[in-house]
$ cat structure17.txt   # compact mmCIF, C-alpha atoms
# COMPACT_ATOMS: atom_id res chain seq x y z
CA MET A 1 27.02 28.04 9.81
CA ASN A 2 24.72 27.49 12.76
CA PRO A 3 21.51 25.59 12.04
CA PRO A 4 18.33 27.72 11.95
CA ARG A 5 16.70 28.20 15.30
CA THR A 6 13.43 26.41 15.99
CA ASP A 7 11.08 26.48 18.93
CA ALA A 8 9.73 23.03 18.11
CA ARG A 9 10.16 20.36 20.78
CA ARG A 10 10.25 16.59 20.50
CA HIS A 11 7.08 15.14 22.00
CA HIS A 12 7.85 11.44 21.70
CA ASP A 13 10.53 8.90 22.50
CA PRO A 14 12.18 8.01 19.17
CA GLN A 15 13.31 4.68 20.61
CA VAL A 16 9.73 3.44 21.02
CA ARG A 17 8.42 1.31 18.16
CA GLY A 18 5.41 -0.94 17.89
CA PHE A 19 3.78 -3.32 15.46
CA ALA A 20 0.56 -1.49 14.67
CA SER A 21 1.31 -0.21 11.18
CA ASP A 22 4.14 0.63 8.82
CA ASN A 23 2.50 4.07 8.73
CA TYR A 24 3.70 4.59 12.31
CA ALA A 25 7.33 4.71 11.18
CA GLY A 26 8.99 8.03 10.46
CA ALA A 27 10.63 8.95 7.18
CA HIS A 28 13.87 7.26 6.16
CA PRO A 29 16.92 9.50 6.73
CA GLU A 30 17.80 9.38 3.02
CA VAL A 31 14.31 10.66 2.20
CA MET A 32 14.67 13.48 4.73
CA ALA A 33 18.02 14.39 3.17
CA ALA A 34 16.40 14.47 -0.27
CA LEU A 35 13.69 16.81 1.01
CA ALA A 36 16.34 19.18 2.33
CA LEU A 37 18.13 18.99 -1.02
CA ALA A 38 14.96 19.97 -2.87
CA ASN A 39 14.28 22.88 -0.53
CA GLY A 40 15.44 26.43 -1.13
CA GLY A 41 14.95 28.68 -4.10
CA HIS A 42 11.93 28.67 -6.36
CA GLN A 43 10.61 25.86 -8.53
CA VAL A 44 7.58 25.98 -10.79
CA ALA A 45 4.45 24.80 -8.97
CA TYR A 46 1.86 22.09 -9.73
CA GLY A 47 4.27 19.53 -11.16
CA GLU A 48 6.22 21.62 -13.65
CA ASP A 49 9.33 21.40 -11.47
CA ASP A 50 12.63 19.66 -12.20
CA TYR A 51 12.08 16.96 -9.56
CA THR A 52 8.75 15.82 -10.99
CA GLU A 53 10.25 15.81 -14.47
CA ASN A 54 13.09 13.58 -13.30
CA LEU A 55 10.65 11.32 -11.49
CA GLN A 56 9.05 10.51 -14.85
CA ARG A 57 12.40 9.20 -16.09
CA ILE A 58 12.75 7.03 -13.00
CA ILE A 59 9.22 5.69 -13.31
CA ARG A 60 9.86 4.72 -16.94
CA SER A 61 13.00 2.87 -15.86
CA HIS A 62 10.83 0.72 -13.58
CA PHE A 63 7.68 0.38 -15.67
CA GLY A 64 8.62 0.97 -19.28
CA ALA A 65 8.61 3.82 -21.79
CA GLY A 66 4.82 4.25 -21.78
CA ALA A 67 4.46 4.75 -18.02
CA GLU A 68 3.52 8.15 -16.59
CA ALA A 69 3.40 9.11 -12.91
CA PHE A 70 0.96 11.52 -11.28
CA PRO A 71 2.13 12.25 -7.72
CA VAL A 72 -0.62 12.60 -5.11
CA PHE A 73 -0.82 13.16 -1.37
CA ASN A 74 -1.93 9.77 -0.04
CA GLY A 75 -3.03 6.23 -0.79
CA THR A 76 -6.77 6.80 -0.65
CA GLY A 77 -6.36 9.71 -3.03
CA ALA A 78 -4.29 7.56 -5.37
CA ASN A 79 -6.91 4.81 -5.41
CA VAL A 80 -9.87 7.14 -5.91
CA VAL A 81 -8.17 9.05 -8.73
CA ALA A 82 -6.95 5.86 -10.41
CA LEU A 83 -10.35 4.16 -10.27
CA GLN A 84 -12.14 7.23 -11.57
CA ALA A 85 -9.72 7.33 -14.49
CA VAL A 86 -10.81 3.90 -15.73
CA THR A 87 -14.56 4.04 -15.09
CA ASP A 88 -17.61 5.81 -16.46
CA ARG A 89 -20.19 7.42 -14.21
CA TRP A 90 -22.19 4.20 -14.30
CA GLY A 91 -19.16 2.00 -13.69
CA ALA A 92 -18.43 -0.42 -10.88
CA VAL A 93 -15.25 -1.95 -9.45
CA ILE A 94 -14.87 -5.62 -8.56
CA CYS A 95 -12.62 -6.15 -5.53
CA ALA A 96 -11.98 -8.53 -2.67
CA GLU A 97 -14.23 -8.03 0.34
CA SER A 98 -11.09 -7.38 2.41
CA ALA A 99 -9.72 -4.77 -0.03
CA HIS A 100 -8.50 -1.49 1.42
CA ILE A 101 -10.80 0.44 -0.93
CA ASN A 102 -13.75 -1.39 0.62
CA VAL A 103 -12.77 -1.64 4.29
CA ASP A 104 -10.40 1.19 5.18
CA GLU A 105 -11.11 4.24 3.02
CA GLY A 106 -14.19 5.60 4.74
CA GLY A 107 -16.39 5.11 1.70
CA ALA A 108 -14.20 7.47 -0.35
CA PRO A 109 -14.46 5.49 -3.61
CA GLU A 110 -18.24 5.61 -3.32
CA ARG A 111 -18.73 9.10 -1.90
CA MET A 112 -15.90 10.97 -3.61
CA GLY A 113 -15.44 8.84 -6.72
CA GLY A 114 -19.09 7.98 -7.28
CA LEU A 115 -18.16 4.32 -7.75
CA LYS A 116 -20.00 1.15 -6.87
CA LEU A 117 -17.81 -1.52 -5.28
CA LEU A 118 -18.79 -5.10 -6.09
CA THR A 119 -17.09 -7.18 -3.41
CA VAL A 120 -16.18 -10.87 -3.34
CA PRO A 121 -15.27 -12.89 -0.22
CA THR A 122 -11.85 -14.52 -0.52
CA PRO A 123 -10.05 -17.01 1.73
CA ASP A 124 -6.68 -15.25 1.48
CA GLY A 125 -7.34 -11.72 0.21
CA LYS A 126 -6.70 -12.74 -3.42
CA LEU A 127 -9.08 -12.64 -6.36
CA THR A 128 -9.10 -15.29 -9.08
CA PRO A 129 -10.88 -15.33 -12.46
CA GLU A 130 -13.48 -17.65 -10.92
CA LEU A 131 -14.09 -15.32 -7.98
CA ILE A 132 -14.26 -12.32 -10.32
CA ASP A 133 -17.04 -14.06 -12.27
CA ARG A 134 -19.28 -13.88 -9.20
CA GLN A 135 -19.66 -10.17 -9.94
CA ALA A 136 -18.63 -9.94 -13.61
CA TRP A 137 -22.06 -9.96 -15.24
CA GLY A 138 -24.97 -7.72 -16.21
CA TRP A 139 -23.16 -5.28 -18.50
CA GLU A 140 -26.33 -4.55 -20.48
CA ASP A 141 -28.59 -4.42 -17.43
CA GLU A 142 -29.36 -0.77 -16.76
CA HIS A 143 -30.57 -1.71 -13.26
CA ARG A 144 -27.09 -2.80 -12.21
CA ALA A 145 -23.86 -0.83 -11.95
CA MET A 146 -21.64 -1.92 -14.84
CA PRO A 147 -18.49 -3.88 -13.91
CA GLN A 148 -15.67 -1.97 -15.60
CA VAL A 149 -12.62 -2.51 -13.40
CA VAL A 150 -11.03 -5.28 -11.37
CA SER A 151 -8.98 -3.93 -8.46
CA ILE A 152 -6.39 -6.12 -6.75
CA THR A 153 -3.90 -5.37 -3.99
CA GLN A 154 -0.23 -6.42 -4.00
CA SER A 155 0.65 -7.35 -1.32
CA THR A 156 -2.89 -8.02 -0.12
CA GLU A 157 -4.50 -6.74 3.04
CA LEU A 158 -3.84 -10.17 4.58
CA GLY A 159 -0.13 -10.05 3.78
CA THR A 160 -0.36 -12.58 0.95
CA LEU A 161 1.08 -12.24 -2.56
CA TYR A 162 -0.10 -12.76 -6.10
CA THR A 163 2.40 -14.44 -8.40
CA PRO A 164 2.96 -12.73 -11.77
CA GLU A 165 1.14 -15.66 -13.41
CA GLU A 166 -1.90 -15.15 -11.18
CA ILE A 167 -2.07 -11.46 -12.07
CA ARG A 168 -1.65 -12.27 -15.75
CA ALA A 169 -4.62 -14.64 -15.55
CA ILE A 170 -6.71 -11.93 -13.87
CA CYS A 171 -5.73 -9.34 -16.47
CA GLU A 172 -6.47 -11.64 -19.40
CA HIS A 173 -9.83 -12.57 -17.89
CA ALA A 174 -10.76 -8.96 -17.14
CA HIS A 175 -9.68 -7.69 -20.55
CA ALA A 176 -11.64 -10.45 -22.28
CA HIS A 177 -14.73 -9.00 -20.61
CA GLY A 178 -13.82 -5.43 -21.58
CA MET A 179 -12.72 -4.52 -18.05
CA LYS A 180 -9.56 -2.72 -16.90
CA VAL A 181 -7.25 -3.80 -14.07
CA HIS A 182 -6.12 -1.54 -11.23
CA LEU A 183 -3.43 -2.57 -8.76
CA ASP A 184 -3.34 -1.01 -5.30
CA GLY A 185 0.39 -1.04 -4.61
CA SER A 186 0.63 0.66 -1.26
CA ARG A 187 3.04 -2.17 -0.33
CA ILE A 188 4.23 -3.01 -3.84
CA ALA A 189 7.86 -2.77 -2.72
CA ASN A 190 7.32 -5.53 -0.14
CA ALA A 191 5.77 -7.71 -2.84
CA ALA A 192 8.65 -7.16 -5.28
CA ALA A 193 11.20 -7.84 -2.54
CA SER A 194 9.50 -11.07 -1.51
CA LEU A 195 9.00 -12.31 -5.08
CA ASN A 196 12.54 -11.14 -5.96
CA VAL A 197 11.40 -9.66 -9.27
CA PRO A 198 11.18 -6.12 -10.69
CA MET A 199 7.87 -4.35 -10.13
CA ARG A 200 7.13 -4.40 -13.85
CA THR A 201 7.09 -8.22 -13.78
CA PHE A 202 3.70 -8.28 -12.06
CA THR A 203 2.28 -4.98 -13.34
CA ASN A 204 2.58 -3.72 -16.92
CA ALA A 205 4.35 -6.88 -18.12
CA VAL A 206 1.25 -8.96 -17.31
CA GLY A 207 -1.44 -6.46 -18.30
CA VAL A 208 -2.17 -4.13 -15.36
CA ASP A 209 -3.58 -0.88 -16.72
CA ILE A 210 -3.13 1.52 -13.82
CA LEU A 211 -1.25 1.41 -10.52
CA SER A 212 -1.40 3.14 -7.15
CA LEU A 213 2.28 3.31 -6.22
CA GLY A 214 2.98 3.48 -2.51
CA GLY A 215 5.64 5.61 -0.87
CA THR A 216 4.52 6.34 2.68
CA LYS A 217 4.66 2.75 3.95
CA ASN A 218 8.10 2.35 2.35
CA GLY A 219 9.88 5.22 4.12
CA ALA A 220 8.44 8.41 2.63
CA LEU A 221 7.21 11.26 4.81
CA PHE A 222 4.06 11.43 2.68
CA GLY A 223 3.16 10.95 -0.96
CA GLU A 224 2.14 8.28 -3.44
CA ALA A 225 1.65 8.30 -7.19
CA VAL A 226 -0.89 7.10 -9.71
CA VAL A 227 1.11 5.42 -12.46
CA VAL A 228 -0.65 5.07 -15.80
CA LEU A 229 0.68 1.93 -17.46
CA ASN A 230 -1.78 1.68 -20.36
CA GLN A 231 -2.27 5.12 -21.89
CA ASP A 232 -5.16 3.86 -24.03
CA ALA A 233 -7.14 2.88 -20.94
CA VAL A 234 -7.01 6.25 -19.19
CA GLY A 235 -8.18 9.73 -19.95
CA ARG A 236 -7.93 13.18 -18.39
CA MET A 237 -5.75 12.21 -15.45
CA LYS A 238 -4.57 15.78 -14.87
CA HIS A 239 -8.14 17.00 -14.53
CA LEU A 240 -9.19 14.11 -12.30
CA ARG A 241 -6.27 14.66 -9.96
CA LYS A 242 -7.12 18.33 -9.58
CA MET A 243 -10.85 17.90 -9.03
CA SER A 244 -10.08 15.13 -6.52
CA MET A 245 -8.03 17.58 -4.42
CA GLN A 246 -4.82 15.61 -4.98
CA LEU A 247 -2.80 18.17 -6.97
CA ALA A 248 0.08 19.39 -4.81
CA SER A 249 1.20 22.93 -5.48
CA LYS A 250 4.71 22.27 -4.14
CA MET A 251 4.86 18.92 -5.90
CA ARG A 252 8.65 18.79 -5.85
CA PHE A 253 8.43 17.69 -2.21
CA VAL A 254 6.35 14.64 -3.14
CA SER A 255 8.38 13.81 -6.25
CA VAL A 256 11.79 14.07 -4.59
CA GLN A 257 10.77 11.52 -1.95
CA LEU A 258 9.74 9.01 -4.61
CA GLU A 259 12.97 9.83 -6.45
CA ALA A 260 14.98 9.10 -3.29
CA LEU A 261 13.25 5.74 -2.90
CA LEU A 262 13.21 4.63 -6.54
CA ALA A 263 16.30 6.10 -8.19
CA LYS A 264 18.52 3.40 -6.76
CA ASP A 265 17.61 0.62 -4.34
CA LEU A 266 16.35 2.34 -1.19
CA TRP A 267 12.80 1.16 -1.88
CA LEU A 268 14.05 -2.43 -2.11
CA ARG A 269 16.32 -2.24 0.92
CA ASN A 270 13.49 -0.87 3.04
CA ALA A 271 11.04 -3.50 1.85
CA ARG A 272 13.45 -6.40 2.28
CA HIS A 273 14.19 -5.35 5.82
CA GLY A 274 10.51 -5.09 6.74
CA ASN A 275 9.87 -8.51 5.22
CA GLU A 276 12.83 -10.04 7.05
CA MET A 277 11.61 -8.67 10.37
CA ALA A 278 8.14 -10.14 9.72
CA GLN A 279 9.75 -13.52 9.06
CA ARG A 280 11.74 -13.22 12.28
CA LEU A 281 8.55 -12.31 14.15
CA ALA A 282 6.66 -15.24 12.62
CA GLU A 283 9.42 -17.67 13.56
CA GLY A 284 9.38 -16.45 17.13
CA VAL A 285 5.59 -16.56 17.39
CA ARG A 286 5.36 -20.10 16.00
CA ALA A 287 7.30 -21.29 19.02
CA VAL A 288 4.69 -19.89 21.41
CA HIS A 289 2.11 -22.53 22.34
CA GLY A 290 -1.46 -21.33 21.90
CA VAL A 291 -0.74 -18.75 19.17
CA GLU A 292 -1.80 -19.53 15.61
CA ILE A 293 -0.51 -17.74 12.50
CA LEU A 294 -3.43 -17.60 10.09
CA TYR A 295 -1.96 -16.72 6.68
CA PRO A 296 1.34 -17.28 4.91
CA VAL A 297 3.80 -14.56 5.95
CA GLN A 298 4.85 -13.33 2.51
CA ALA A 299 5.41 -9.60 3.06
CA ASN A 300 5.76 -7.46 6.19
CA GLY A 301 2.65 -8.46 8.10
CA VAL A 302 1.82 -11.28 10.52
CA PHE A 303 -1.80 -12.20 11.26
CA ALA A 304 -2.31 -14.33 14.36
CA LYS A 305 -5.02 -15.68 16.60
CA LEU A 306 -4.54 -15.73 20.35
CA PRO A 307 -6.62 -15.34 23.51
CA HIS A 308 -8.37 -11.97 23.68
CA ASP A 309 -7.20 -11.16 27.19
CA VAL A 310 -3.59 -11.82 26.19
CA SER A 311 -3.90 -9.39 23.28
CA VAL A 312 -5.39 -6.70 25.51
CA ARG A 313 -2.56 -7.01 28.04
CA LEU A 314 0.06 -7.09 25.29
CA GLN A 315 -1.41 -3.94 23.74
CA LYS A 316 -0.55 -2.08 26.94
CA ARG A 317 3.11 -2.85 26.23
CA PHE A 318 3.17 -2.55 22.42
CA ARG A 319 0.89 -0.83 19.94
CA PHE A 320 -0.92 -3.14 17.50
CA TYR A 321 -4.45 -3.61 16.23
CA PHE A 322 -7.11 -6.26 16.33
CA TRP A 323 -7.98 -7.41 12.82
CA ASP A 324 -11.10 -9.25 13.96
CA GLU A 325 -11.59 -8.71 17.65
CA THR A 326 -14.54 -11.07 17.93
CA ALA A 327 -12.45 -13.91 16.54
CA GLY A 328 -9.34 -12.91 18.49
CA VAL A 329 -7.35 -12.12 15.34
CA VAL A 330 -4.60 -9.49 15.49
CA ARG A 331 -2.27 -7.93 12.94
CA TRP A 332 1.40 -7.21 13.57
CA MET A 333 3.22 -5.06 11.00
CA CYS A 334 6.96 -4.54 10.56
CA SER A 335 8.57 -1.57 8.83
CA PHE A 336 11.91 -0.37 7.48
CA ASP A 337 13.03 0.71 10.95
CA THR A 338 11.91 -2.36 12.92
CA THR A 339 14.95 -3.89 14.62
CA GLU A 340 15.78 -7.45 15.57
CA GLU A 341 15.73 -6.30 19.19
CA ASP A 342 12.20 -4.91 18.71
CA VAL A 343 11.03 -8.28 17.43
CA ASP A 344 12.77 -10.35 20.08
CA THR A 345 11.51 -8.10 22.88
CA PHE A 346 7.96 -8.39 21.55
CA VAL A 347 8.14 -12.19 21.28
CA ALA A 348 9.47 -12.39 24.85
CA ALA A 349 6.58 -10.21 26.05
CA LEU A 350 4.11 -12.40 24.17
CA LYS A 351 5.51 -15.50 25.88
CA GLU A 352 5.21 -13.80 29.28
CA GLU A 353 1.58 -12.83 28.70
CA MET A 354 0.67 -16.28 27.37
CA ALA A 355 2.19 -17.84 30.47
CA ARG A 356 0.15 -15.71 32.89

$ encode --input "structure17.txt" --output "structure tokens"
Amino acid sequence: MNPPRTDARRHHDPQVRGFASDNYAGAHPEVMAALALANGGHQVAYGEDDYTENLQRIIRSHFGAGAEAFPVFNGTGANVVALQAVTDRWGAVICAESAHINVDEGGAPERMGGLKLLTVPTPDGKLTPELIDRQAWGWEDEHRAMPQVVSITQSTELGTLYTPEEIRAICEHAHAHGMKVHLDGSRIANAAASLNVPMRTFTNAVGVDILSLGGTKNGALFGEAVVVLNQDAVGRMKHLRKMSMQLASKMRFVSVQLEALLAKDLWLRNARHGNEMAQRLAEGVRAVHGVEILYPVQANGVFAKLPHDVSVRLQKRFRFYFWDETAGVVRWMCSFDTTEEDVDTFVAALKEEMAR
């Protein structure tokens, strides 16, 4: 049978890849095939479909019998819904100053979730019990937003990783103060691949209460999920998701993508490849005199400092972002479809620009 006719045209060169973000990558072919498989016919809307039901089974296989997934559209939506689920109206969230919820979500936790963020500067993007204590006080002070949640990111916004023991210490400390723990896992697959442990090892097994599970950065077309790990810590998730405009009517198309990633090992293959390409990039960059890598390369990102004019010229050849333009710091991200040739070509271009 002939394929259906379409008047759509390709408007980009599919051979062009950069290092700006793992969000720039398209969807993995296996995810696209799963979407086609889920298409056709009618399925019950708003999450009562067969694909969302099966996703629950898969989520429990990764996170235990008590886990429950609530698919959403995007990462900001996942974080806002998750944080609302574990706070009261007067509640506040302790997070690293560099956290995505603080820096890159347009004020959504505050404006849409009604939450106060209590930020802490960190040297490497990671919180510790001691750093948490800078903001963990004043629970009975009605003049101060009440700290109720500690939010951490794995892997962090600086590409660093928490060990399971570090997260356990945070969870025990937070719980001792009556606070919950949220984990922003937009790149949780990269963390698990680098640590070489199951995702449960540094989430529910060490005390995390609620998780934002990433899909888009790991090869999905769109879609994430809020995963409730501690049912006693969370209430009314279905209602929160709806009122936060994150309830998909055709939810099967979110759920089937997460199924394609998580049912077997696609999520891990994608993450390992992105991590390996970041290591290859870091190795190449370290050989370039005058370029400094600032943080341990533990996931799929490389943060470097180099002359500003070199970065500007290099950006005309490859897409990437300044992380701190004043300081000359840039971020280079690898993804599931980054190739060795992409990395080697970029390193060669960097050497050329540094030599000018």

$ atom_distance --input "structure17.txt" --atom1 "atom CA of Phe253 of chain A" --atom2 "atom CA of Val226 of chain A"
16.0 Å

$ residues_around --input "structure17.txt" --residues "Glu97 of chain A" --least-positions-apart "3" --cutoff "8 Å" --atoms "all atoms listed in the file" --output "VMD selection string"
chain A and resid 102 to 103 119 to 122 125

$ residues_around --input "structure17.txt" --residues "Ala136 of chain A" --least-positions-apart "2" --cutoff "10 Å" --atoms "all atoms listed in the file" --output "short mmCIF file (atom, residue, chain, number, x, y, z; two decimals) with C-alpha atoms, in the frame of the given file"
data_model
loop_
_atom_site.label_atom_id
_atom_site.label_comp_id
_atom_site.auth_asym_id
_atom_site.auth_seq_id
_atom_site.Cartn_x
_atom_site.Cartn_y
_atom_site.Cartn_z
CA ALA A 92 -18.43 -0.42 -10.88
CA VAL A 93 -15.25 -1.95 -9.45
CA ILE A 94 -14.87 -5.62 -8.56
CA LEU A 118 -18.79 -5.10 -6.09
CA PRO A 129 -10.88 -15.33 -12.46
CA GLU A 130 -13.48 -17.65 -10.92
CA LEU A 131 -14.09 -15.32 -7.98
CA ILE A 132 -14.26 -12.32 -10.32
CA ASP A 133 -17.04 -14.06 -12.27
CA ARG A 134 -19.28 -13.88 -9.20
CA GLY A 138 -24.97 -7.72 -16.21
CA TRP A 139 -23.16 -5.28 -18.50
CA MET A 146 -21.64 -1.92 -14.84
CA PRO A 147 -18.49 -3.88 -13.91
CA GLN A 148 -15.67 -1.97 -15.60
CA VAL A 149 -12.62 -2.51 -13.40
CA VAL A 150 -11.03 -5.28 -11.37
CA ALA A 174 -10.76 -8.96 -17.14
CA HIS A 177 -14.73 -9.00 -20.61
CA MET A 179 -12.72 -4.52 -18.05
#

$ atom_distance --input "structure17.txt" --atom1 "atom CA of Ala78 of chain A" --atom2 "atom CA of Asp184 of chain A"
8.6 Å

$ residues_around --input "structure17.txt" --residues "segment 43-58 of chain A" --least-positions-apart "3" --cutoff "9 Å" --atoms "all atoms listed in the file" --output "PDB file with C-alpha atoms, keeping the file's coordinate frame"
ATOM      1  CA  ALA A  38      14.960  19.970  -2.870  1.00  0.00           C
ATOM      2  CA  GLY A  40      15.440  26.430  -1.130  1.00  0.00           C
ATOM      3  CA  SER A  61      13.000   2.870 -15.860  1.00  0.00           C
ATOM      4  CA  HIS A  62      10.830   0.720 -13.580  1.00  0.00           C
ATOM      5  CA  PHE A  63       7.680   0.380 -15.670  1.00  0.00           C
ATOM      6  CA  ALA A  65       8.610   3.820 -21.790  1.00  0.00           C
ATOM      7  CA  ALA A  67       4.460   4.750 -18.020  1.00  0.00           C
ATOM      8  CA  GLU A  68       3.520   8.150 -16.590  1.00  0.00           C
ATOM      9  CA  ALA A  69       3.400   9.110 -12.910  1.00  0.00           C
ATOM     10  CA  PHE A  70       0.960  11.520 -11.280  1.00  0.00           C
ATOM     11  CA  PRO A  71       2.130  12.250  -7.720  1.00  0.00           C
ATOM     12  CA  LEU A 247      -2.800  18.170  -6.970  1.00  0.00           C
ATOM     13  CA  ALA A 248       0.080  19.390  -4.810  1.00  0.00           C
ATOM     14  CA  SER A 249       1.200  22.930  -5.480  1.00  0.00           C
ATOM     15  CA  LYS A 250       4.710  22.270  -4.140  1.00  0.00           C
ATOM     16  CA  MET A 251       4.860  18.920  -5.900  1.00  0.00           C
ATOM     17  CA  ARG A 252       8.650  18.790  -5.850  1.00  0.00           C
ATOM     18  CA  PHE A 253       8.430  17.690  -2.210  1.00  0.00           C
ATOM     19  CA  VAL A 254       6.350  14.640  -3.140  1.00  0.00           C
ATOM     20  CA  SER A 255       8.380  13.810  -6.250  1.00  0.00           C
ATOM     21  CA  VAL A 256      11.790  14.070  -4.590  1.00  0.00           C
ATOM     22  CA  LEU A 258       9.740   9.010  -4.610  1.00  0.00           C
ATOM     23  CA  GLU A 259      12.970   9.830  -6.450  1.00  0.00           C
ATOM     24  CA  LEU A 262      13.210   4.630  -6.540  1.00  0.00           C
ATOM     25  CA  ALA A 263      16.300   6.100  -8.190  1.00  0.00           C
TER      26      ALA A 263
END

$ atom_distance --input "structure17.txt" --atom1 "atom CA of Ala108 of chain A" --atom2 "atom CA of Gly214 of chain A"
17.8 Å

$ closest_residue --input "structure17.txt" --among "A:Glu325, A:Glu172, A:Asp337, A:Glu157" --to "Ala271 of chain A" --atoms "only C-alpha atoms"
A:Asp337

$ closest_residue --input "structure17.txt" --among "A:His100, A:Arg236, A:Arg168, A:Arg356" --to "Val310 of chain A" --atoms "all atoms listed in the file"
A:Arg356

$ decode --input "structure17.txt" --residues "segment 183-212 of chain A" --atoms "C-alpha atoms" --output "PDB file, in the first residue's frame"
ATOM      1  CA  LEU A 183      14.158  14.717  42.330  1.00  0.00           C
ATOM      2  CA  ASP A 184      14.211  16.505  38.987  1.00  0.00           C
ATOM      3  CA  GLY A 185      15.197  13.652  36.676  1.00  0.00           C
ATOM      4  CA  SER A 186      15.103  15.272  33.271  1.00  0.00           C
ATOM      5  CA  ARG A 187      18.449  13.506  32.669  1.00  0.00           C
ATOM      6  CA  ILE A 188      17.971  10.643  35.124  1.00  0.00           C
ATOM      7  CA  ALA A 189      18.883   8.123  32.420  1.00  0.00           C
ATOM      8  CA  ASN A 190      22.308   9.726  31.966  1.00  0.00           C
ATOM      9  CA  ALA A 191      22.857   9.538  35.717  1.00  0.00           C
ATOM     10  CA  ALA A 192      21.891   5.862  35.927  1.00  0.00           C
ATOM     11  CA  ALA A 193      24.090   5.034  32.931  1.00  0.00           C
ATOM     12  CA  SER A 194      27.087   6.820  34.418  1.00  0.00           C
ATOM     13  CA  LEU A 195      26.636   5.344  37.903  1.00  0.00           C
ATOM     14  CA  ASN A 196      25.873   1.933  36.340  1.00  0.00           C
ATOM     15  CA  VAL A 197      22.983   1.311  38.727  1.00  0.00           C
ATOM     16  CA  PRO A 198      19.194   0.989  38.324  1.00  0.00           C
ATOM     17  CA  MET A 199      17.239   4.222  38.709  1.00  0.00           C
ATOM     18  CA  ARG A 200      15.619   2.949  41.891  1.00  0.00           C
ATOM     19  CA  THR A 201      19.051   2.784  43.561  1.00  0.00           C
ATOM     20  CA  PHE A 202      19.195   6.567  43.927  1.00  0.00           C
ATOM     21  CA  THR A 203      15.464   7.326  44.104  1.00  0.00           C
ATOM     22  CA  ASN A 204      12.919   5.316  46.098  1.00  0.00           C
ATOM     23  CA  ALA A 205      15.575   2.994  47.559  1.00  0.00           C
ATOM     24  CA  VAL A 206      17.199   5.939  49.363  1.00  0.00           C
ATOM     25  CA  GLY A 207      14.072   7.888  50.296  1.00  0.00           C
ATOM     26  CA  VAL A 208      13.070  10.162  47.393  1.00  0.00           C
ATOM     27  CA  ASP A 209       9.347  10.879  47.652  1.00  0.00           C
ATOM     28  CA  ILE A 210       8.477  12.122  44.175  1.00  0.00           C
ATOM     29  CA  LEU A 211      10.275  12.193  40.833  1.00  0.00           C
ATOM     30  CA  SER A 212      10.094  14.147  37.594  1.00  0.00           C
TER      31      SER A 212
END
